[in-house]
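> Please find coords.txt (compact mmCIF, C-alpha atoms and all ligand atoms) on the next line:
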# COMPACT_ATOMS: atom_id res chain seq x y z
CA MET S 1 -60.18 -56.02 10.69
CA ASP S 2 -59.51 -52.30 11.09
CA ASP S 3 -56.77 -50.66 9.05
CA ARG S 4 -56.93 -47.33 10.81
CA PRO S 5 -53.58 -46.49 12.44
CA ILE S 6 -52.68 -46.46 16.12
CA GLY S 7 -51.74 -42.92 17.12
CA MET S 8 -48.94 -42.24 19.60
CA PHE S 9 -47.27 -39.14 20.96
CA ASP S 10 -44.56 -37.89 23.26
CA SER S 11 -42.83 -34.57 23.86
CA GLY S 12 -40.03 -35.77 21.57
CA PHE S 13 -37.99 -38.92 20.98
CA GLY S 14 -38.98 -40.77 24.16
CA GLY S 15 -42.10 -42.39 22.75
CA LEU S 16 -39.96 -43.99 20.06
CA THR S 17 -39.12 -46.58 22.74
CA VAL S 18 -42.84 -47.45 22.85
CA ALA S 19 -43.12 -47.34 19.04
CA ARG S 20 -40.12 -49.68 18.69
CA ALA S 21 -41.58 -52.19 21.14
CA LEU S 22 -45.04 -52.00 19.57
CA ARG S 23 -43.58 -52.42 16.09
CA ASP S 24 -41.84 -55.60 17.24
CA LEU S 25 -44.93 -57.00 18.97
CA ALA S 26 -47.59 -56.01 16.45
CA PRO S 27 -45.84 -55.43 13.11
CA ALA S 28 -49.05 -55.38 11.07
CA GLU S 29 -50.36 -52.26 12.79
CA HIS S 30 -50.04 -48.89 11.08
CA LEU S 31 -48.56 -46.28 13.41
CA VAL S 32 -48.70 -42.50 13.38
CA TYR S 33 -46.19 -40.95 15.81
CA LEU S 34 -46.00 -37.32 16.84
CA GLY S 35 -42.95 -35.96 18.65
CA ASP S 36 -44.02 -32.60 20.07
CA THR S 37 -40.41 -31.40 19.93
CA GLY S 38 -41.45 -27.79 19.38
CA ARG S 39 -42.74 -27.77 22.96
CA TYR S 40 -40.42 -30.22 24.76
CA PRO S 41 -39.59 -30.75 27.59
CA TYR S 42 -42.97 -31.39 29.21
CA GLY S 43 -41.40 -32.33 32.57
CA PRO S 44 -40.89 -28.84 34.02
CA ARG S 45 -44.23 -27.49 32.74
CA ASP S 46 -47.43 -26.96 34.67
CA LEU S 47 -49.48 -30.18 34.43
CA GLY S 48 -52.57 -28.24 33.29
CA GLU S 49 -50.60 -27.00 30.30
CA VAL S 50 -49.38 -30.54 29.51
CA ARG S 51 -52.98 -31.74 29.73
CA SER S 52 -54.06 -29.12 27.20
CA PHE S 53 -51.24 -30.19 24.82
CA ALA S 54 -52.38 -33.80 25.16
CA ALA S 55 -55.99 -32.85 24.39
CA GLN S 56 -54.91 -30.87 21.33
CA ILE S 57 -52.74 -33.74 20.06
CA GLY S 58 -55.57 -36.22 20.67
CA ARG S 59 -57.92 -34.12 18.55
CA TRP S 60 -55.26 -33.85 15.83
CA LEU S 61 -54.66 -37.62 15.75
CA VAL S 62 -58.38 -38.30 15.38
CA ALA S 63 -59.19 -35.50 12.93
CA GLU S 64 -56.12 -35.73 10.66
CA HIS S 65 -55.28 -39.43 10.89
CA ASP S 66 -58.49 -41.19 11.90
CA VAL S 67 -56.67 -43.28 14.53
CA LYS S 68 -58.38 -46.25 16.20
CA LEU S 69 -56.45 -46.00 19.51
CA ILE S 70 -54.20 -43.41 21.14
CA VAL S 71 -51.11 -44.43 23.09
CA VAL S 72 -49.89 -41.68 25.39
CA ALA S 73 -46.21 -42.61 25.04
CA CYS S 74 -45.22 -40.07 27.67
CA ASN S 75 -45.32 -40.47 31.44
CA THR S 76 -45.61 -36.75 32.09
CA ALA S 77 -48.71 -36.47 29.90
CA SER S 78 -50.15 -39.63 31.49
CA ALA S 79 -49.38 -38.26 34.96
CA ALA S 80 -51.10 -34.98 34.11
CA GLY S 81 -54.39 -36.89 34.19
CA LEU S 82 -56.07 -38.57 31.27
CA ASP S 83 -59.62 -38.78 32.57
CA ALA S 84 -60.91 -35.47 31.25
CA TRP S 85 -59.66 -35.75 27.70
CA ARG S 86 -60.35 -39.49 27.58
CA ARG S 87 -63.98 -38.42 27.61
CA GLU S 88 -63.28 -35.92 24.82
CA VAL S 89 -61.71 -38.28 22.27
CA PRO S 90 -63.91 -40.87 20.59
CA VAL S 91 -61.30 -43.69 20.67
CA PRO S 92 -59.69 -45.70 23.50
CA VAL S 93 -56.62 -44.19 25.21
CA VAL S 94 -53.74 -46.17 26.76
CA GLY S 95 -51.33 -44.49 29.20
CA VAL S 96 -47.96 -45.65 30.52
CA ILE S 97 -48.28 -45.47 34.31
CA GLU S 98 -50.35 -48.53 35.27
CA PRO S 99 -48.51 -50.93 32.91
CA GLY S 100 -45.19 -49.83 34.45
CA VAL S 101 -46.41 -50.35 38.02
CA ARG S 102 -47.74 -53.83 37.24
CA ALA S 103 -44.42 -54.77 35.64
CA VAL S 104 -42.26 -53.50 38.48
CA ALA S 105 -44.43 -55.39 40.99
CA LYS S 106 -43.86 -58.59 39.02
CA ALA S 107 -40.11 -58.08 38.71
CA THR S 108 -39.16 -57.22 42.29
CA VAL S 109 -38.15 -59.86 44.84
CA THR S 110 -37.46 -57.63 47.85
CA ASN S 111 -40.35 -55.18 47.20
CA ARG S 112 -37.86 -52.33 47.49
CA VAL S 113 -38.27 -50.53 44.18
CA GLY S 114 -37.16 -47.25 42.66
CA VAL S 115 -39.24 -45.07 40.36
CA ILE S 116 -37.60 -42.32 38.34
CA GLY S 117 -39.26 -39.77 36.08
CA THR S 118 -39.50 -36.11 35.18
CA VAL S 119 -40.19 -33.47 37.82
CA GLY S 120 -43.80 -33.24 36.59
CA THR S 121 -44.36 -36.98 36.79
CA ILE S 122 -42.86 -37.45 40.25
CA ARG S 123 -44.45 -34.32 41.67
CA SER S 124 -47.90 -35.30 40.33
CA GLY S 125 -48.04 -38.27 42.71
CA ALA S 126 -49.46 -40.42 39.89
CA TYR S 127 -47.02 -43.27 40.55
CA GLN S 128 -47.60 -43.11 44.31
CA ARG S 129 -51.35 -43.42 43.71
CA ALA S 130 -50.99 -46.24 41.17
CA ILE S 131 -48.66 -48.17 43.53
CA THR S 132 -51.09 -47.78 46.44
CA GLU S 133 -53.92 -48.99 44.24
CA LEU S 134 -52.23 -51.81 42.31
CA ALA S 135 -49.24 -52.95 44.36
CA GLY S 136 -49.59 -51.85 47.99
CA SER S 137 -46.79 -54.11 49.28
CA LEU S 138 -44.09 -52.21 47.39
CA VAL S 139 -41.72 -49.90 49.27
CA PRO S 140 -40.93 -47.26 46.65
CA THR S 141 -38.19 -44.64 46.51
CA PHE S 142 -38.87 -41.84 44.02
CA ALA S 143 -36.36 -39.62 42.26
CA ALA S 144 -36.98 -36.89 39.72
CA CYS S 145 -34.31 -36.65 37.05
CA PRO S 146 -34.39 -33.14 35.54
CA GLY S 147 -32.00 -32.90 32.60
CA PHE S 148 -32.15 -36.52 31.42
CA VAL S 149 -34.74 -35.75 28.71
CA GLU S 150 -32.66 -32.83 27.40
CA PHE S 151 -29.60 -35.09 26.99
CA VAL S 152 -31.62 -37.57 24.94
CA GLU S 153 -33.17 -34.82 22.80
CA ARG S 154 -29.65 -33.59 22.01
CA GLY S 155 -28.80 -37.13 20.91
CA GLU S 156 -26.30 -37.40 23.77
CA THR S 157 -26.97 -40.71 25.50
CA GLY S 158 -23.56 -41.89 26.70
CA SER S 159 -21.47 -38.82 27.54
CA ASP S 160 -19.43 -38.21 30.71
CA GLN S 161 -21.74 -35.30 31.53
CA VAL S 162 -24.86 -37.46 31.59
CA PHE S 163 -23.02 -39.98 33.79
CA VAL S 164 -22.08 -37.26 36.29
CA LEU S 165 -25.68 -36.02 36.37
CA ALA S 166 -26.98 -39.58 36.80
CA GLU S 167 -24.63 -40.22 39.73
CA ARG S 168 -26.08 -37.23 41.53
CA LEU S 169 -29.77 -37.77 40.68
CA LEU S 170 -29.82 -41.53 41.25
CA ALA S 171 -28.08 -41.41 44.64
CA PRO S 172 -31.35 -41.75 46.65
CA VAL S 173 -32.31 -44.84 44.65
CA ARG S 174 -28.88 -46.40 45.07
CA ASP S 175 -28.86 -45.62 48.81
CA ALA S 176 -32.28 -47.26 49.22
CA ALA S 177 -30.83 -50.57 47.96
CA VAL S 178 -33.69 -51.20 45.53
CA ASP S 179 -33.64 -54.42 43.51
CA THR S 180 -35.77 -53.04 40.65
CA LEU S 181 -35.92 -49.62 39.02
CA LEU S 182 -38.87 -48.42 36.96
CA LEU S 183 -37.89 -46.05 34.18
CA GLY S 184 -40.94 -43.83 34.50
CA CYS S 185 -40.12 -41.68 31.50
CA THR S 186 -40.13 -43.04 27.97
CA HIS S 187 -36.86 -41.21 27.20
CA TYR S 188 -34.92 -43.09 29.87
CA PRO S 189 -34.45 -46.47 28.13
CA PHE S 190 -32.06 -44.57 25.82
CA LEU S 191 -29.94 -43.93 28.95
CA ALA S 192 -30.15 -47.52 30.21
CA ARG S 193 -26.42 -48.18 30.00
CA THR S 194 -25.54 -45.06 32.01
CA ILE S 195 -28.27 -45.80 34.56
CA THR S 196 -27.00 -49.37 35.01
CA ASP S 197 -23.42 -48.12 35.41
CA VAL S 198 -24.64 -45.93 38.28
CA VAL S 199 -27.10 -48.21 40.11
CA GLY S 200 -25.25 -51.48 39.48
CA ARG S 201 -25.88 -54.53 37.33
CA ASP S 202 -27.89 -56.30 40.03
CA VAL S 203 -30.71 -53.79 39.76
CA VAL S 204 -33.34 -54.84 37.20
CA LEU S 205 -34.48 -52.01 34.94
CA VAL S 206 -38.16 -52.07 33.97
CA SER S 207 -39.22 -49.89 31.06
CA SER S 208 -42.70 -48.40 31.13
CA ALA S 209 -42.35 -48.20 27.34
CA GLU S 210 -42.16 -51.94 26.80
CA GLU S 211 -44.93 -52.63 29.28
CA THR S 212 -47.19 -50.21 27.45
CA ALA S 213 -46.54 -52.00 24.17
CA PHE S 214 -47.46 -55.30 25.89
CA GLU S 215 -50.68 -53.65 27.09
CA VAL S 216 -51.60 -52.68 23.51
CA GLN S 217 -50.72 -56.17 22.28
CA GLY S 218 -53.04 -57.56 24.98
CA ILE S 219 -55.89 -55.34 23.75
CA LEU S 220 -55.37 -56.65 20.20
CA ASP S 221 -54.99 -60.29 21.35
CA ARG S 222 -58.21 -60.17 23.37
CA GLY S 223 -60.04 -58.76 20.36
CA ASP S 224 -60.97 -55.58 22.24
CA LEU S 225 -59.66 -53.70 19.21
CA PRO S 226 -59.72 -55.13 15.67
CA ARG S 227 -56.30 -55.78 14.13
CA ALA S 228 -54.92 -54.40 10.86
CA ALA S 229 -55.32 -56.71 7.90
CA GLY S 230 -51.85 -56.70 6.26
CA ARG S 231 -48.45 -58.00 7.32
CA ALA S 232 -46.30 -54.89 7.64
CA GLY S 233 -48.00 -51.68 8.73
CA ASP S 234 -46.90 -48.20 7.65
CA LEU S 235 -44.98 -46.00 10.06
CA ARG S 236 -45.50 -42.26 9.77
CA PHE S 237 -43.65 -39.73 11.88
CA PHE S 238 -44.43 -36.08 12.57
CA SER S 239 -42.67 -33.41 14.59
CA SER S 240 -43.70 -29.95 15.75
CA GLY S 241 -40.02 -28.95 15.88
CA ASP S 242 -37.10 -29.31 13.45
CA VAL S 243 -38.13 -32.17 11.16
CA GLY S 244 -34.59 -32.71 9.79
CA TRP S 245 -33.20 -33.12 13.31
CA PHE S 246 -36.08 -35.39 14.23
CA ARG S 247 -35.36 -37.58 11.24
CA SER S 248 -31.60 -37.87 11.77
CA VAL S 249 -31.47 -38.34 15.56
CA GLY S 250 -34.79 -40.23 15.61
CA SER S 251 -33.55 -42.77 13.04
CA ARG S 252 -30.49 -43.50 15.17
CA LEU S 253 -32.52 -43.88 18.36
CA PHE S 254 -35.31 -45.88 16.69
CA GLY S 255 -32.76 -48.22 15.12
CA SER S 256 -34.05 -47.84 11.56
CA GLU S 257 -34.77 -45.05 9.08
CA LEU S 258 -37.81 -42.97 9.99
CA GLY S 259 -38.26 -41.80 6.39
CA GLN S 260 -39.92 -38.48 5.69
CA VAL S 261 -40.95 -36.65 8.88
CA GLY S 262 -44.00 -34.43 8.45
CA PRO S 263 -44.17 -30.96 10.02
CA VAL S 264 -46.92 -29.99 12.44
CA VAL S 265 -47.62 -26.34 13.20
CA TRP S 266 -49.90 -25.62 16.14
CA PRO S 267 -52.27 -22.66 15.78
N1 LIG S 301 -40.92 -38.95 27.52
C1 LIG S 301 -41.55 -38.02 28.41
C2 LIG S 301 -42.02 -38.78 29.64
O1 LIG S 301 -42.19 -39.98 29.52
C3 LIG S 301 -40.63 -36.86 28.65
C4 LIG S 301 -41.33 -35.64 29.13
C5 LIG S 301 -40.52 -34.37 28.92
O2 LIG S 301 -40.52 -33.85 27.81
O3 LIG S 301 -39.97 -33.85 29.91
O4 LIG S 301 -42.25 -38.24 30.70
Could the structure of this file be written out as structure tokens, please?
Ligand code: DGL

Amino acid sequence: MDDRPIGMFDSGFGGLTVARALRDLAPAEHLVYLGDTGRYPYGPRDLGEVRSFAAQIGRWLVAEHDVKLIVVACNTASAAGLDAWRREVPVPVVGVIEPGVRAVAKATVTNRVGVIGTVGTIRSGAYQRAITELAGSLVPTFAACPGFVEFVERGETGSDQVFVLAERLLAPVRDAAVDTLLLGCTHYPFLARTITDVVGRDVVLVSSAEETAFEVQGILDRGDLPRAAGRAGDLRFFSSGDVGWFRSVGSRLFGSELGQVGPVVWP
């Protein structure tokens, strides 16, 4: 048994979709979640800068919270390249890209799939590389969706404006007649209804967030990481932005009260 928490982070609320799924699958685990809302969005930033944020957060999770595993609950940070800082942190690191690709490959019938994500994620080519490596028979269509993350961070997940934006950004995916769409940004499950309204009910949405939670559950089930001893783990949330906003909007998106949100100030 190992009662150290699992650490997770995202640029903001998006990783709450991973936290929710992990909470449901492994309720005994203690979780520490950081929303780096003071520096969101990551999507338009230089990937080197995102990598340095990820390294800093990794060090913080280990030093301040003694985590036993880090879940990078953010596609953009995963796409920025985890190899270098994986070597830096003394605990295992799980990213979101490979679990999402494996899931989309399982779900598709026609092999015509869509992958949507932030500009940084799509431009990095990380999904292209993972598809070539893990699921070479897929015929993917990629679309970057700048602006989606900002709508979610404003707590605006079902407005007319987000629908209009989605119609424009998802046109290439709709035109490609995909049967499955991978939500390659952990914020996007909060927009699932709007996305379905645009691409049609026949298109299966696959969330990289849920697949990542399954991946962590698999690690615990195989005994690669010792489980927590109790029945209901603690959840602790931190934000580098406005903690009051994080608590109120985050509670609504997470589906239950986040409780006190701790502040984080980067040097
Ligand atoms: N949830 C992050 C992701 O999965 C959003 C990145 C952003 O802040 O733009 O990519």
> So, counting only C-alpha atoms, which residue among S:Gly117, S:Gly15, S:Gly184, S:Pro226 is closest to Leu69 (chain S)?
S:Pro226
> Find, counting all atoms listed in the file, the residue in S:Met1, S:Ala107, S:Ala55, S:Leu22 that gets nearest to Phe214 (chain S).
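For Phe214 (chain S), the nearest of the given residues is S:Leu22.
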> Could you list, as a PyMOL selection string, all residues that come within 8 Å of ligand LIG 301 (chain S)? Count all atoms listed in the file.
chain S and resi 10-15+40-44+73-77+117-121+146+149-150+184-188
> Per residue of region 51-133 of chain S within 7 Å of region 197-213 of chain S, record the nearest atom pair and its distance in Å to one decimal, counting all atoms listed in the file, with rows in chain order and ascending residue number, as JSON lines.

{"residue": "S:Val96", "atom": "CA", "partner": "S:Thr212", "partner_atom": "CA", "distance": 5.6}
{"residue": "S:Pro99", "atom": "CA", "partner": "S:Glu211", "partner_atom": "CA", "distance": 5.4}
{"residue": "S:Gly100", "atom": "CA", "partner": "S:Ser208", "partner_atom": "CA", "distance": 4.4}
{"residue": "S:Ala103", "atom": "CA", "partner": "S:Glu211", "partner_atom": "CA", "distance": 6.7}
{"residue": "S:Val104", "atom": "CA", "partner": "S:Val206", "partner_atom": "CA", "distance": 6.3}
> Of the residues S:Arg87, S:Lys68, S:Arg20, S:Arg51, which is the one nearest to Leu220 (chain S), using all atoms listed in the file?
S:Lys68
> To one decimal place in Å, what is the distance between CA of Asp46 (chain S) and CA of Gly244 (chain S)?
28.6 Å
> Which is closer to Asp2 (chain S) than all the others in S:Gly230, S:Gly155, S:Gly136, S:Gly38, using only C-alpha atoms?
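Smallest separation from Asp2 (chain S) among the options: S:Gly230.
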> To one decimal in Å, tell me the separation between CA of Thr132 (chain S) and CA of Phe9 (chain S).
27.2 Å
> Determine the nearest neighbour of Val71 (chain S) from the options S:Phe237, S:Glu156, S:Thr141, S:Val91, counting all atoms listed in the file.
S:Val91
> With only C-alpha atoms as the counted atoms, please give the residues lying no more than 9 Å from Arg23 (chain S), apart from itself and same-chain residues fewer than 5 positions off, as a list in words.
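Surrounding residues, per the criterion: Val18, Ala28, Glu29, His30, Leu31, Ala213, Gly233 and Leu235 of chain S.
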